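What follows is query_23.cif (mmCIF, N, CA, C and O atoms).
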```cif
data_coords
loop_
_atom_site.label_atom_id
_atom_site.label_comp_id
_atom_site.auth_asym_id
_atom_site.auth_seq_id
_atom_site.Cartn_x
_atom_site.Cartn_y
_atom_site.Cartn_z
N MET A 43 216.76 -68.11 86.03
CA MET A 43 218.19 -67.99 86.18
C MET A 43 218.51 -67.93 87.67
O MET A 43 217.91 -67.16 88.41
N ARG A 44 219.42 -68.76 88.06
CA ARG A 44 219.79 -68.80 89.47
C ARG A 44 220.84 -67.75 89.78
O ARG A 44 221.66 -67.39 88.94
N LEU A 45 220.81 -67.25 91.02
CA LEU A 45 221.74 -66.22 91.44
C LEU A 45 223.18 -66.73 91.45
O LEU A 45 224.11 -65.99 91.15
N SER A 46 223.38 -68.00 91.76
CA SER A 46 224.73 -68.55 91.81
C SER A 46 225.39 -68.56 90.43
O SER A 46 226.61 -68.46 90.31
N SER A 47 224.60 -68.67 89.37
CA SER A 47 225.20 -68.65 88.04
C SER A 47 225.65 -67.23 87.67
O SER A 47 226.58 -67.06 86.90
N ILE A 48 225.01 -66.20 88.23
CA ILE A 48 225.43 -64.82 87.97
C ILE A 48 226.70 -64.50 88.73
O ILE A 48 227.62 -63.85 88.22
N LEU A 49 226.78 -64.96 89.96
CA LEU A 49 227.92 -64.63 90.81
C LEU A 49 229.16 -65.45 90.49
O LEU A 49 230.26 -65.08 90.89
N ASN A 50 229.01 -66.55 89.80
CA ASN A 50 230.13 -67.44 89.48
C ASN A 50 230.89 -67.88 90.71
O ASN A 50 232.12 -67.90 90.74
N GLY A 51 230.18 -68.19 91.78
CA GLY A 51 230.82 -68.69 92.98
C GLY A 51 231.43 -67.62 93.85
O GLY A 51 232.10 -67.94 94.84
N GLN A 52 231.28 -66.36 93.51
CA GLN A 52 231.85 -65.29 94.33
C GLN A 52 230.82 -64.81 95.35
O GLN A 52 229.63 -65.05 95.22
N HIS A 53 231.31 -64.09 96.34
CA HIS A 53 230.44 -63.50 97.36
C HIS A 53 230.20 -62.03 97.02
O HIS A 53 230.93 -61.44 96.23
N PHE A 54 229.20 -61.44 97.64
CA PHE A 54 228.84 -60.07 97.31
C PHE A 54 229.96 -59.07 97.61
O PHE A 54 230.06 -58.05 96.97
N GLY A 55 230.83 -59.35 98.55
CA GLY A 55 231.92 -58.44 98.86
C GLY A 55 233.06 -58.48 97.86
O GLY A 55 233.92 -57.62 97.84
N ASN A 56 233.08 -59.51 97.00
CA ASN A 56 234.20 -59.70 96.08
C ASN A 56 233.74 -59.71 94.62
O ASN A 56 234.32 -60.40 93.79
N LEU A 57 232.72 -58.95 94.28
CA LEU A 57 232.20 -58.99 92.91
C LEU A 57 233.04 -58.20 91.93
O LEU A 57 233.08 -58.52 90.75
N ALA A 58 233.69 -57.14 92.37
CA ALA A 58 234.43 -56.28 91.44
C ALA A 58 235.89 -56.21 91.87
O ALA A 58 236.21 -56.25 93.05
N LYS A 59 236.76 -56.08 90.88
CA LYS A 59 238.17 -55.87 91.16
C LYS A 59 238.44 -54.37 91.12
O LYS A 59 238.22 -53.71 90.10
N VAL A 60 238.89 -53.82 92.24
CA VAL A 60 239.18 -52.39 92.33
C VAL A 60 240.69 -52.23 92.37
O VAL A 60 241.36 -52.79 93.24
N HIS A 61 241.22 -51.47 91.43
CA HIS A 61 242.66 -51.26 91.35
C HIS A 61 242.99 -49.83 91.74
O HIS A 61 242.25 -48.89 91.43
N GLY A 62 244.09 -49.63 92.42
CA GLY A 62 244.57 -48.29 92.75
C GLY A 62 244.03 -47.74 94.05
O GLY A 62 244.32 -46.61 94.40
N ILE A 63 243.21 -48.48 94.77
CA ILE A 63 242.69 -48.04 96.05
C ILE A 63 243.14 -49.03 97.11
O ILE A 63 242.89 -50.23 97.00
N VAL A 64 243.81 -48.50 98.12
CA VAL A 64 244.31 -49.35 99.20
C VAL A 64 243.39 -49.16 100.40
O VAL A 64 243.12 -48.04 100.82
N THR A 65 242.91 -50.23 100.93
CA THR A 65 242.05 -50.15 102.11
C THR A 65 242.69 -50.93 103.24
O THR A 65 243.35 -51.95 103.02
N TYR A 66 242.50 -50.42 104.45
CA TYR A 66 242.99 -51.07 105.65
C TYR A 66 241.82 -51.33 106.56
O TYR A 66 240.92 -50.51 106.67
N LYS A 67 241.83 -52.46 107.20
CA LYS A 67 240.77 -52.81 108.12
C LYS A 67 241.39 -53.26 109.43
O LYS A 67 242.44 -53.90 109.43
N LEU A 68 240.70 -52.92 110.51
CA LEU A 68 241.11 -53.39 111.82
C LEU A 68 239.96 -54.19 112.39
O LEU A 68 238.80 -53.77 112.35
N SER A 69 240.27 -55.35 112.88
CA SER A 69 239.24 -56.22 113.42
C SER A 69 238.54 -55.53 114.58
O SER A 69 239.17 -54.86 115.41
N PRO A 70 237.22 -55.67 114.68
CA PRO A 70 236.51 -55.06 115.80
C PRO A 70 236.95 -55.63 117.15
O PRO A 70 236.79 -54.98 118.18
N PHE A 71 237.54 -56.81 117.13
CA PHE A 71 238.02 -57.39 118.38
C PHE A 71 239.34 -56.79 118.82
O PHE A 71 239.74 -56.94 119.95
N GLU A 72 240.02 -56.09 117.91
CA GLU A 72 241.29 -55.46 118.25
C GLU A 72 241.12 -53.98 118.59
O GLU A 72 242.05 -53.34 119.02
N GLN A 73 239.94 -53.43 118.36
CA GLN A 73 239.72 -52.03 118.65
C GLN A 73 239.37 -51.85 120.12
O GLN A 73 238.79 -52.72 120.75
N ARG A 74 239.70 -50.67 120.63
CA ARG A 74 239.32 -50.31 121.99
C ARG A 74 238.29 -49.19 121.87
O ARG A 74 238.62 -48.05 121.57
N ALA A 75 237.03 -49.50 122.09
CA ALA A 75 235.94 -48.57 121.83
C ALA A 75 236.00 -47.34 122.74
O ALA A 75 235.67 -46.23 122.33
N PHE A 76 236.42 -47.50 123.97
CA PHE A 76 236.44 -46.40 124.92
C PHE A 76 237.86 -45.98 125.28
O PHE A 76 238.10 -45.51 126.39
N ALA A 77 238.79 -46.15 124.34
CA ALA A 77 240.17 -45.76 124.60
C ALA A 77 240.25 -44.25 124.75
O ALA A 77 239.87 -43.50 123.87
N GLY A 78 240.73 -43.78 125.88
CA GLY A 78 240.88 -42.35 126.12
C GLY A 78 239.59 -41.62 126.42
O GLY A 78 239.55 -40.40 126.36
N ALA A 79 238.54 -42.35 126.75
CA ALA A 79 237.24 -41.70 127.00
C ALA A 79 237.30 -40.83 128.25
O ALA A 79 236.70 -39.75 128.28
N ILE A 80 238.02 -41.23 129.25
CA ILE A 80 238.09 -40.45 130.48
C ILE A 80 239.27 -39.49 130.45
O ILE A 80 239.14 -38.32 130.78
N SER A 81 240.43 -39.96 129.99
CA SER A 81 241.62 -39.10 130.02
C SER A 81 241.56 -37.99 128.97
O SER A 81 242.04 -36.89 129.20
N ASN A 82 240.95 -38.26 127.82
CA ASN A 82 240.85 -37.23 126.78
C ASN A 82 239.43 -36.68 126.65
O ASN A 82 239.24 -35.51 126.34
N GLY A 83 238.44 -37.51 126.87
CA GLY A 83 237.06 -37.12 126.64
C GLY A 83 236.52 -36.12 127.65
O GLY A 83 235.88 -35.14 127.27
N LEU A 84 236.76 -36.34 128.93
CA LEU A 84 236.24 -35.43 129.95
C LEU A 84 236.87 -34.04 129.86
O LEU A 84 236.15 -33.04 129.90
N PRO A 85 238.21 -33.92 129.75
CA PRO A 85 238.76 -32.57 129.59
C PRO A 85 238.27 -31.87 128.33
O PRO A 85 238.03 -30.66 128.34
N ASN A 86 238.08 -32.61 127.25
CA ASN A 86 237.57 -32.03 126.02
C ASN A 86 236.14 -31.55 126.21
O ASN A 86 235.75 -30.49 125.71
N MET A 87 235.33 -32.33 126.94
CA MET A 87 233.96 -31.94 127.19
C MET A 87 233.90 -30.67 128.04
O MET A 87 233.10 -29.76 127.78
N VAL A 88 234.75 -30.58 129.05
CA VAL A 88 234.79 -29.38 129.90
C VAL A 88 235.24 -28.18 129.08
O VAL A 88 234.67 -27.09 129.19
N ARG A 89 236.24 -28.35 128.23
CA ARG A 89 236.71 -27.25 127.40
C ARG A 89 235.62 -26.77 126.45
O ARG A 89 235.40 -25.57 126.30
N ARG A 90 234.90 -27.69 125.83
CA ARG A 90 233.84 -27.31 124.90
C ARG A 90 232.69 -26.63 125.63
O ARG A 90 232.10 -25.68 125.11
N PHE A 91 232.36 -27.10 126.83
CA PHE A 91 231.30 -26.47 127.61
C PHE A 91 231.68 -25.04 127.98
O PHE A 91 230.88 -24.11 127.84
N ARG A 92 232.93 -24.86 128.44
CA ARG A 92 233.37 -23.52 128.85
C ARG A 92 233.45 -22.56 127.67
O ARG A 92 233.21 -21.36 127.82
N SER A 93 233.75 -23.08 126.49
CA SER A 93 233.85 -22.18 125.33
C SER A 93 232.48 -21.77 124.80
O SER A 93 232.36 -20.73 124.16
N ASN A 94 231.43 -22.56 125.07
CA ASN A 94 230.11 -22.25 124.53
C ASN A 94 229.12 -21.73 125.55
O ASN A 94 228.05 -21.26 125.17
N VAL A 95 229.43 -21.81 126.84
CA VAL A 95 228.44 -21.45 127.85
C VAL A 95 228.09 -19.97 127.79
O VAL A 95 226.94 -19.58 127.99
N PHE A 96 229.04 -19.11 127.48
CA PHE A 96 228.76 -17.68 127.43
C PHE A 96 228.08 -17.26 126.13
O PHE A 96 227.63 -16.13 126.00
N ILE A 97 228.01 -18.15 125.18
CA ILE A 97 227.28 -17.89 123.94
C ILE A 97 225.84 -18.36 124.06
O ILE A 97 224.91 -17.71 123.59
N VAL A 98 225.64 -19.50 124.71
CA VAL A 98 224.32 -20.12 124.77
C VAL A 98 223.50 -19.65 125.97
O VAL A 98 222.29 -19.43 125.86
N ALA A 99 224.14 -19.45 127.12
CA ALA A 99 223.40 -19.17 128.35
C ALA A 99 222.71 -17.80 128.37
O ALA A 99 221.57 -17.73 128.84
N PRO A 100 223.31 -16.69 127.93
CA PRO A 100 222.63 -15.39 128.05
C PRO A 100 221.26 -15.31 127.40
O PRO A 100 220.33 -14.78 128.02
N PRO A 101 221.04 -15.85 126.18
CA PRO A 101 219.68 -15.80 125.64
C PRO A 101 218.67 -16.58 126.49
O PRO A 101 217.53 -16.15 126.65
N PHE A 102 219.09 -17.72 127.04
CA PHE A 102 218.19 -18.49 127.88
C PHE A 102 217.88 -17.75 129.18
O PHE A 102 216.74 -17.75 129.65
N ILE A 103 218.88 -17.12 129.77
CA ILE A 103 218.66 -16.36 131.00
C ILE A 103 217.75 -15.18 130.73
O ILE A 103 216.81 -14.90 131.49
N LEU A 104 218.00 -14.46 129.65
CA LEU A 104 217.15 -13.33 129.28
C LEU A 104 215.72 -13.78 129.01
O LEU A 104 214.76 -13.14 129.46
N GLY A 105 215.55 -14.88 128.32
CA GLY A 105 214.23 -15.41 128.05
C GLY A 105 213.50 -15.79 129.32
O GLY A 105 212.30 -15.52 129.48
N TYR A 106 214.21 -16.40 130.28
CA TYR A 106 213.59 -16.76 131.54
C TYR A 106 213.18 -15.52 132.32
O TYR A 106 212.09 -15.49 132.91
N LEU A 107 214.03 -14.51 132.34
CA LEU A 107 213.70 -13.28 133.08
C LEU A 107 212.47 -12.58 132.47
O LEU A 107 211.60 -12.09 133.21
N ILE A 108 212.39 -12.54 131.16
CA ILE A 108 211.22 -11.95 130.50
C ILE A 108 209.97 -12.76 130.81
O ILE A 108 208.91 -12.20 131.13
N TYR A 109 210.07 -14.06 130.76
CA TYR A 109 208.93 -14.93 131.07
C TYR A 109 208.47 -14.73 132.51
O TYR A 109 207.27 -14.59 132.78
N ASP A 110 209.42 -14.70 133.45
CA ASP A 110 209.08 -14.54 134.86
C ASP A 110 208.43 -13.19 135.12
O ASP A 110 207.42 -13.10 135.84
N LEU A 111 208.97 -12.14 134.53
CA LEU A 111 208.40 -10.80 134.70
C LEU A 111 206.98 -10.74 134.13
O LEU A 111 206.07 -10.17 134.75
N THR A 112 206.77 -11.35 132.98
CA THR A 112 205.45 -11.35 132.36
C THR A 112 204.45 -12.14 133.20
O THR A 112 203.30 -11.68 133.38
N GLU A 113 204.85 -13.27 133.74
CA GLU A 113 203.95 -14.06 134.59
C GLU A 113 203.59 -13.30 135.86
O GLU A 113 202.43 -13.31 136.29
N ARG A 114 204.55 -12.63 136.47
CA ARG A 114 204.27 -11.85 137.69
C ARG A 114 203.32 -10.70 137.38
O ARG A 114 202.40 -10.43 138.15
N LYS A 115 203.54 -10.02 136.28
CA LYS A 115 202.68 -8.90 135.89
C LYS A 115 201.26 -9.40 135.59
O LYS A 115 200.28 -8.78 135.98
N HIS A 116 201.14 -10.53 134.92
CA HIS A 116 199.84 -11.10 134.60
C HIS A 116 199.09 -11.48 135.88
O HIS A 116 197.89 -11.22 136.02
N THR A 117 199.80 -12.10 136.83
CA THR A 117 199.19 -12.47 138.10
C THR A 117 198.73 -11.24 138.87
O THR A 117 197.65 -11.22 139.47
N ALA A 118 199.54 -10.18 138.84
CA ALA A 118 199.18 -8.94 139.54
C ALA A 118 197.97 -8.28 138.89
O ALA A 118 197.11 -7.71 139.58
N LEU A 119 197.86 -8.34 137.58
CA LEU A 119 196.73 -7.71 136.90
C LEU A 119 195.43 -8.49 137.11
O LEU A 119 194.33 -7.91 136.97
N LEU A 120 195.51 -9.76 137.46
CA LEU A 120 194.31 -10.55 137.71
C LEU A 120 193.68 -10.21 139.06
O LEU A 120 192.49 -10.47 139.26
N ARG A 121 194.46 -9.67 139.98
CA ARG A 121 193.94 -9.35 141.31
C ARG A 121 193.09 -8.09 141.27
O ARG A 121 193.34 -7.17 140.49
N LYS A 122 192.10 -8.07 142.12
CA LYS A 122 191.26 -6.88 142.24
C LYS A 122 191.94 -5.87 143.14
O LYS A 122 192.67 -6.22 144.07
N ASN A 123 191.68 -4.60 142.88
CA ASN A 123 192.25 -3.55 143.71
C ASN A 123 191.34 -3.36 144.93
O ASN A 123 190.18 -3.00 144.80
N PRO A 124 191.85 -3.56 146.15
CA PRO A 124 191.02 -3.42 147.35
C PRO A 124 190.53 -1.98 147.57
O PRO A 124 189.48 -1.77 148.19
N ALA A 125 191.22 -1.02 147.03
CA ALA A 125 190.81 0.39 147.21
C ALA A 125 189.50 0.67 146.47
O ALA A 125 188.76 1.58 146.85
N ASP A 126 189.18 -0.10 145.46
CA ASP A 126 187.93 0.10 144.72
C ASP A 126 186.71 -0.33 145.52
O ASP A 126 185.59 0.09 145.23
N TYR A 127 186.89 -1.13 146.59
CA TYR A 127 185.76 -1.69 147.31
C TYR A 127 185.74 -1.24 148.77
O TYR A 127 185.11 -1.87 149.61
N GLU A 128 186.37 -0.11 149.12
CA GLU A 128 186.40 0.36 150.51
C GLU A 128 185.04 0.82 151.00
O GLU A 128 184.68 0.62 152.15
N ASN A 129 184.27 1.44 150.16
CA ASN A 129 183.01 2.03 150.59
C ASN A 129 181.82 1.12 150.37
O ASN A 129 180.69 1.53 150.57
N ASP A 130 182.00 -0.09 149.96
CA ASP A 130 180.91 -1.01 149.75
C ASP A 130 180.36 -1.51 151.09
O ASP A 130 181.07 -1.71 152.05
N GLU A 131 179.06 -1.70 151.13
CA GLU A 131 178.43 -2.21 152.35
C GLU A 131 177.69 -3.49 152.09
O GLU A 131 177.21 -3.81 151.10
#
```

Exercise: express the given structure as structure tokens:
Amino acid sequence: MRLSSILNGQHFGNLAKVHGIVTYKLSPFEQRAFAGAISNGLPNMVRRFRSNVFIVAPPFILGYLIYDLTERKHTALLRKNPADYENDE
């Protein structure tokens, strides 16, 4: 059985009749993909950054401070104490 006999000359986009649903399409050549990207997008990005920076940044800062303190303490514990070797000859 050939596919053309099943479709009866129709295309895949037109196989069913849908009633009661209205669809609108705009040609991709008529759309402006970056409309308002600078005038609306940049202020929106700054606003979103300012609203979330005080929620996200403190855990990262605290984590960095703990990491830095731990690394310094580990480095200090690896060193030998010079007072232990004063009387060696």

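CA of Leu104 in chain A is found 24.5 Å from CA of Leu120 in chain A.
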
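Taking atom C of Val88 in chain A and CA of Phe102 in chain A as the two end points, the separation is 19.6 Å.
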
Tell me, in Å to one decimal, how far atom C of Ile97 in chain A is from atom O of Leu111 in chain A. 23.9 Å
